[in-house]
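Peer 1: The structure that follows is given in the form of structure tokens.
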Amino acid sequence: ATIEEPAELASSISVANPRDESQLLNGFYAIEGNSWRWTGRKFAVSLQPPRGGAIQGAKLELDCAIADAIAKQLLPLTLRASVGGYPLPAQRLTAPGRQTVSFAVPGSALGGPAKLVEFEMDKTARQGDESRELGLIVVSVGFSEP
């Protein structure tokens, strides 16, 4: 028998990468198109703070899309995020299609180990007779330099 080392958390993840799946905490549906996932109204990930982030801060970037099929139900959309319980200024999304939503994260929110990163939308949509609450299509989420 061997003892496996715990996987090191990444500071940026692809939601379709099996290696990163353990960092998806809640609010994500199954992989679709081998590259993305729908979210519900609330979704969360665990991310490693970037090197030097506690001093210089970082950007939290969400590579996502608003599907044309549900854009009329969703837009305009307010997206809120928090890092380790520290609320970030809300972002307003007003157009369908793929986009990168960026949040400025102060260094004071990035000290210490892994960070719980939570997102919440002010509304979701339904498509056809689908029972799921549909929010954003997410490709990746992570920290980058400010």
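Please note that chains go A, B, ... in the order of the structure tokens, that every chain numbers its residues from 1, and that ligands are numbered from 1 in the order shown.
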May I have the residues within 12 Å of region 78-81 of chain A as a PyMOL selection string, using only C-alpha atoms and disregarding those fewer than 6 positions away in the same chain?
Peer 2: chain A and resi 41-45+59-62+64+87-95+101-105+116-124+135-136+141
Peer 1: Store the residues picked out above, limited to C-alpha atoms, as a PDB file, in the first residue's frame.
Peer 2:
ATOM      1  CA  ARG A  41     -27.214  30.555  -9.360  1.00  0.00           C
ATOM      2  CA  LYS A  42     -24.431  29.976  -6.799  1.00  0.00           C
ATOM      3  CA  PHE A  43     -21.162  28.182  -7.501  1.00  0.00           C
ATOM      4  CA  ALA A  44     -17.831  27.877  -5.707  1.00  0.00           C
ATOM      5  CA  VAL A  45     -14.255  26.738  -6.239  1.00  0.00           C
ATOM      6  CA  LYS A  59      -7.243  39.631 -10.481  1.00  0.00           C
ATOM      7  CA  LEU A  60      -9.898  36.944 -10.235  1.00  0.00           C
ATOM      8  CA  GLU A  61     -10.865  36.035 -13.796  1.00  0.00           C
ATOM      9  CA  LEU A  62     -13.893  34.022 -14.859  1.00  0.00           C
ATOM     10  CA  CYS A  64     -17.562  32.348 -19.155  1.00  0.00           C
ATOM     11  CA  PRO A  87     -16.759  40.489  -0.880  1.00  0.00           C
ATOM     12  CA  LEU A  88     -15.591  41.943  -4.195  1.00  0.00           C
ATOM     13  CA  PRO A  89     -17.402  44.701  -6.128  1.00  0.00           C
ATOM     14  CA  ALA A  90     -20.234  43.218  -8.197  1.00  0.00           C
ATOM     15  CA  GLN A  91     -19.953  43.058 -11.983  1.00  0.00           C
ATOM     16  CA  ARG A  92     -22.835  43.756 -14.372  1.00  0.00           C
ATOM     17  CA  LEU A  93     -23.032  41.604 -17.496  1.00  0.00           C
ATOM     18  CA  THR A  94     -25.102  43.060 -20.309  1.00  0.00           C
ATOM     19  CA  ALA A  95     -24.233  41.080 -23.457  1.00  0.00           C
ATOM     20  CA  VAL A 101     -15.248  38.812 -16.100  1.00  0.00           C
ATOM     21  CA  SER A 102     -12.498  40.275 -13.894  1.00  0.00           C
ATOM     22  CA  PHE A 103     -12.603  41.198 -10.220  1.00  0.00           C
ATOM     23  CA  ALA A 104      -9.804  43.112  -8.452  1.00  0.00           C
ATOM     24  CA  VAL A 105      -8.764  41.209  -5.313  1.00  0.00           C
ATOM     25  CA  LEU A 116     -12.868  29.590  -1.031  1.00  0.00           C
ATOM     26  CA  VAL A 117     -14.038  31.576  -4.068  1.00  0.00           C
ATOM     27  CA  GLU A 118     -17.807  31.971  -4.239  1.00  0.00           C
ATOM     28  CA  PHE A 119     -19.954  33.416  -7.014  1.00  0.00           C
ATOM     29  CA  GLU A 120     -23.623  34.342  -6.985  1.00  0.00           C
ATOM     30  CA  MET A 121     -25.885  35.636  -9.766  1.00  0.00           C
ATOM     31  CA  ASP A 122     -29.024  37.652  -9.159  1.00  0.00           C
ATOM     32  CA  LYS A 123     -31.062  35.349 -11.444  1.00  0.00           C
ATOM     33  CA  THR A 124     -31.025  32.145 -13.480  1.00  0.00           C
ATOM     34  CA  GLY A 135     -26.679  30.419 -15.091  1.00  0.00           C
ATOM     35  CA  LEU A 136     -23.359  30.916 -16.794  1.00  0.00           C
ATOM     36  CA  VAL A 141     -11.617  30.436 -13.273  1.00  0.00           C
TER      37      VAL A 141
END
Peer 1: Do a neighbour search on Asp68 (chain A) at 10 Å with only C-alpha atoms, toss out local chain neighbours closer than 3 positions, and write the hits as an NGL selection string.
Peer 2: :A and (65 or 71-74 or 95-97)
Peer 1: Please dump the current selection as a PDB file, in the first residue's frame; keep all heavy atoms.
Peer 2:
ATOM      1  N   ALA A  65     -19.546  32.373 -20.505  1.00  0.00           N
ATOM      2  CA  ALA A  65     -20.411  32.811 -21.592  1.00  0.00           C
ATOM      3  C   ALA A  65     -21.844  32.851 -21.106  1.00  0.00           C
ATOM      4  O   ALA A  65     -22.228  32.118 -20.188  1.00  0.00           O
ATOM      5  CB  ALA A  65     -20.296  31.865 -22.789  1.00  0.00           C
ATOM      6  N   ALA A  71     -30.296  34.298 -22.985  1.00  0.00           N
ATOM      7  CA  ALA A  71     -29.852  35.674 -22.727  1.00  0.00           C
ATOM      8  C   ALA A  71     -31.021  36.596 -22.370  1.00  0.00           C
ATOM      9  O   ALA A  71     -30.889  37.443 -21.479  1.00  0.00           O
ATOM     10  CB  ALA A  71     -29.088  36.215 -23.927  1.00  0.00           C
ATOM     11  N   LYS A  72     -32.164  36.445 -23.039  1.00  0.00           N
ATOM     12  CA  LYS A  72     -33.298  37.333 -22.746  1.00  0.00           C
ATOM     13  C   LYS A  72     -33.806  37.158 -21.323  1.00  0.00           C
ATOM     14  O   LYS A  72     -34.289  38.106 -20.714  1.00  0.00           O
ATOM     15  CB  LYS A  72     -34.436  37.092 -23.737  1.00  0.00           C
ATOM     16  CG  LYS A  72     -34.150  37.671 -25.096  1.00  0.00           C
ATOM     17  CD  LYS A  72     -35.332  37.540 -26.015  1.00  0.00           C
ATOM     18  CE  LYS A  72     -35.009  38.148 -27.369  1.00  0.00           C
ATOM     19  NZ  LYS A  72     -36.128  38.055 -28.288  1.00  0.00           N
ATOM     20  N   GLN A  73     -33.667  35.947 -20.763  1.00  0.00           N
ATOM     21  CA  GLN A  73     -34.095  35.705 -19.386  1.00  0.00           C
ATOM     22  C   GLN A  73     -33.075  36.220 -18.377  1.00  0.00           C
ATOM     23  O   GLN A  73     -33.437  36.585 -17.261  1.00  0.00           O
ATOM     24  CB  GLN A  73     -34.300  34.208 -19.136  1.00  0.00           C
ATOM     25  CG  GLN A  73     -35.408  33.571 -19.929  1.00  0.00           C
ATOM     26  CD  GLN A  73     -35.460  32.082 -19.668  1.00  0.00           C
ATOM     27  OE1 GLN A  73     -35.656  31.671 -18.531  1.00  0.00           O
ATOM     28  NE2 GLN A  73     -35.284  31.279 -20.707  1.00  0.00           N
ATOM     29  N   LEU A  74     -31.804  36.231 -18.759  1.00  0.00           N
ATOM     30  CA  LEU A  74     -30.736  36.567 -17.809  1.00  0.00           C
ATOM     31  C   LEU A  74     -30.302  38.034 -17.808  1.00  0.00           C
ATOM     32  O   LEU A  74     -29.933  38.562 -16.767  1.00  0.00           O
ATOM     33  CB  LEU A  74     -29.492  35.727 -18.091  1.00  0.00           C
ATOM     34  CG  LEU A  74     -29.488  34.285 -17.647  1.00  0.00           C
ATOM     35  CD1 LEU A  74     -28.145  33.648 -17.972  1.00  0.00           C
ATOM     36  CD2 LEU A  74     -29.786  34.150 -16.176  1.00  0.00           C
ATOM     37  N   ALA A  95     -24.241  41.612 -22.094  1.00  0.00           N
ATOM     38  CA  ALA A  95     -24.233  41.080 -23.457  1.00  0.00           C
ATOM     39  C   ALA A  95     -24.099  39.558 -23.448  1.00  0.00           C
ATOM     40  O   ALA A  95     -23.415  39.000 -22.587  1.00  0.00           O
ATOM     41  CB  ALA A  95     -23.075  41.689 -24.236  1.00  0.00           C
ATOM     42  N   PRO A  96     -24.732  38.892 -24.421  1.00  0.00           N
ATOM     43  CA  PRO A  96     -24.552  37.449 -24.532  1.00  0.00           C
ATOM     44  C   PRO A  96     -23.178  37.136 -25.129  1.00  0.00           C
ATOM     45  O   PRO A  96     -22.465  38.020 -25.589  1.00  0.00           O
ATOM     46  CB  PRO A  96     -25.677  37.025 -25.488  1.00  0.00           C
ATOM     47  CG  PRO A  96     -25.934  38.233 -26.321  1.00  0.00           C
ATOM     48  CD  PRO A  96     -25.650  39.414 -25.428  1.00  0.00           C
ATOM     49  N   GLY A  97     -22.823  35.861 -25.117  1.00  0.00           N
ATOM     50  CA  GLY A  97     -21.572  35.410 -25.718  1.00  0.00           C
ATOM     51  C   GLY A  97     -20.471  35.208 -24.696  1.00  0.00           C
ATOM     52  O   GLY A  97     -20.661  35.410 -23.494  1.00  0.00           O
TER      53      GLY A  97
END
Peer 1: Which parts of region 7-137 of chain A does DSSP call strand (DSSP E) when run on the backbone here, written out as a count of residues only?
Peer 2: 65
Peer 1: Can you measure CA of Gln127 (chain A) to CA of Ser14 (chain A) for me? One decimal in Å is fine.
Peer 2: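 CA of Ser14 (chain A) lies 24.7 Å from CA of Gln127 (chain A).
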Peer 1: Can you work out which one of A:Ala109, A:Glu145, A:Asn17, A:Arg98 has the shortest atom-to-atom distance to Asp63 (chain A), counting only C-alpha atoms?
Peer 2: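 Counting only C-alpha atoms, the residue closest to Asp63 (chain A) is A:Arg98.
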Peer 1: Using only C-alpha atoms, which of the listed residues (A:Pro146, A:Gly40, A:Gly84, A:Pro113) sits closest to Ser131 (chain A)?
Peer 2: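 Among the listed residues, the smallest separation from Ser131 (chain A) belongs to A:Gly40.
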Peer 1: For CA of Gly128 (chain A) and CA of Gln99 (chain A), quote the distance in Å rounded to one decimal.
Peer 2: 24.4 Å
Peer 1: Enumerate, as JSON, numbers by chain, the complete set of residues in chain A that a backbone-based DSSP assignment places in helix (DSSP H, G or I).
Peer 2: {"A": [18, 19, 20, 21, 22, 23, 53, 54, 55, 56, 68, 69, 70, 71, 72, 73, 74, 107, 108, 109]}
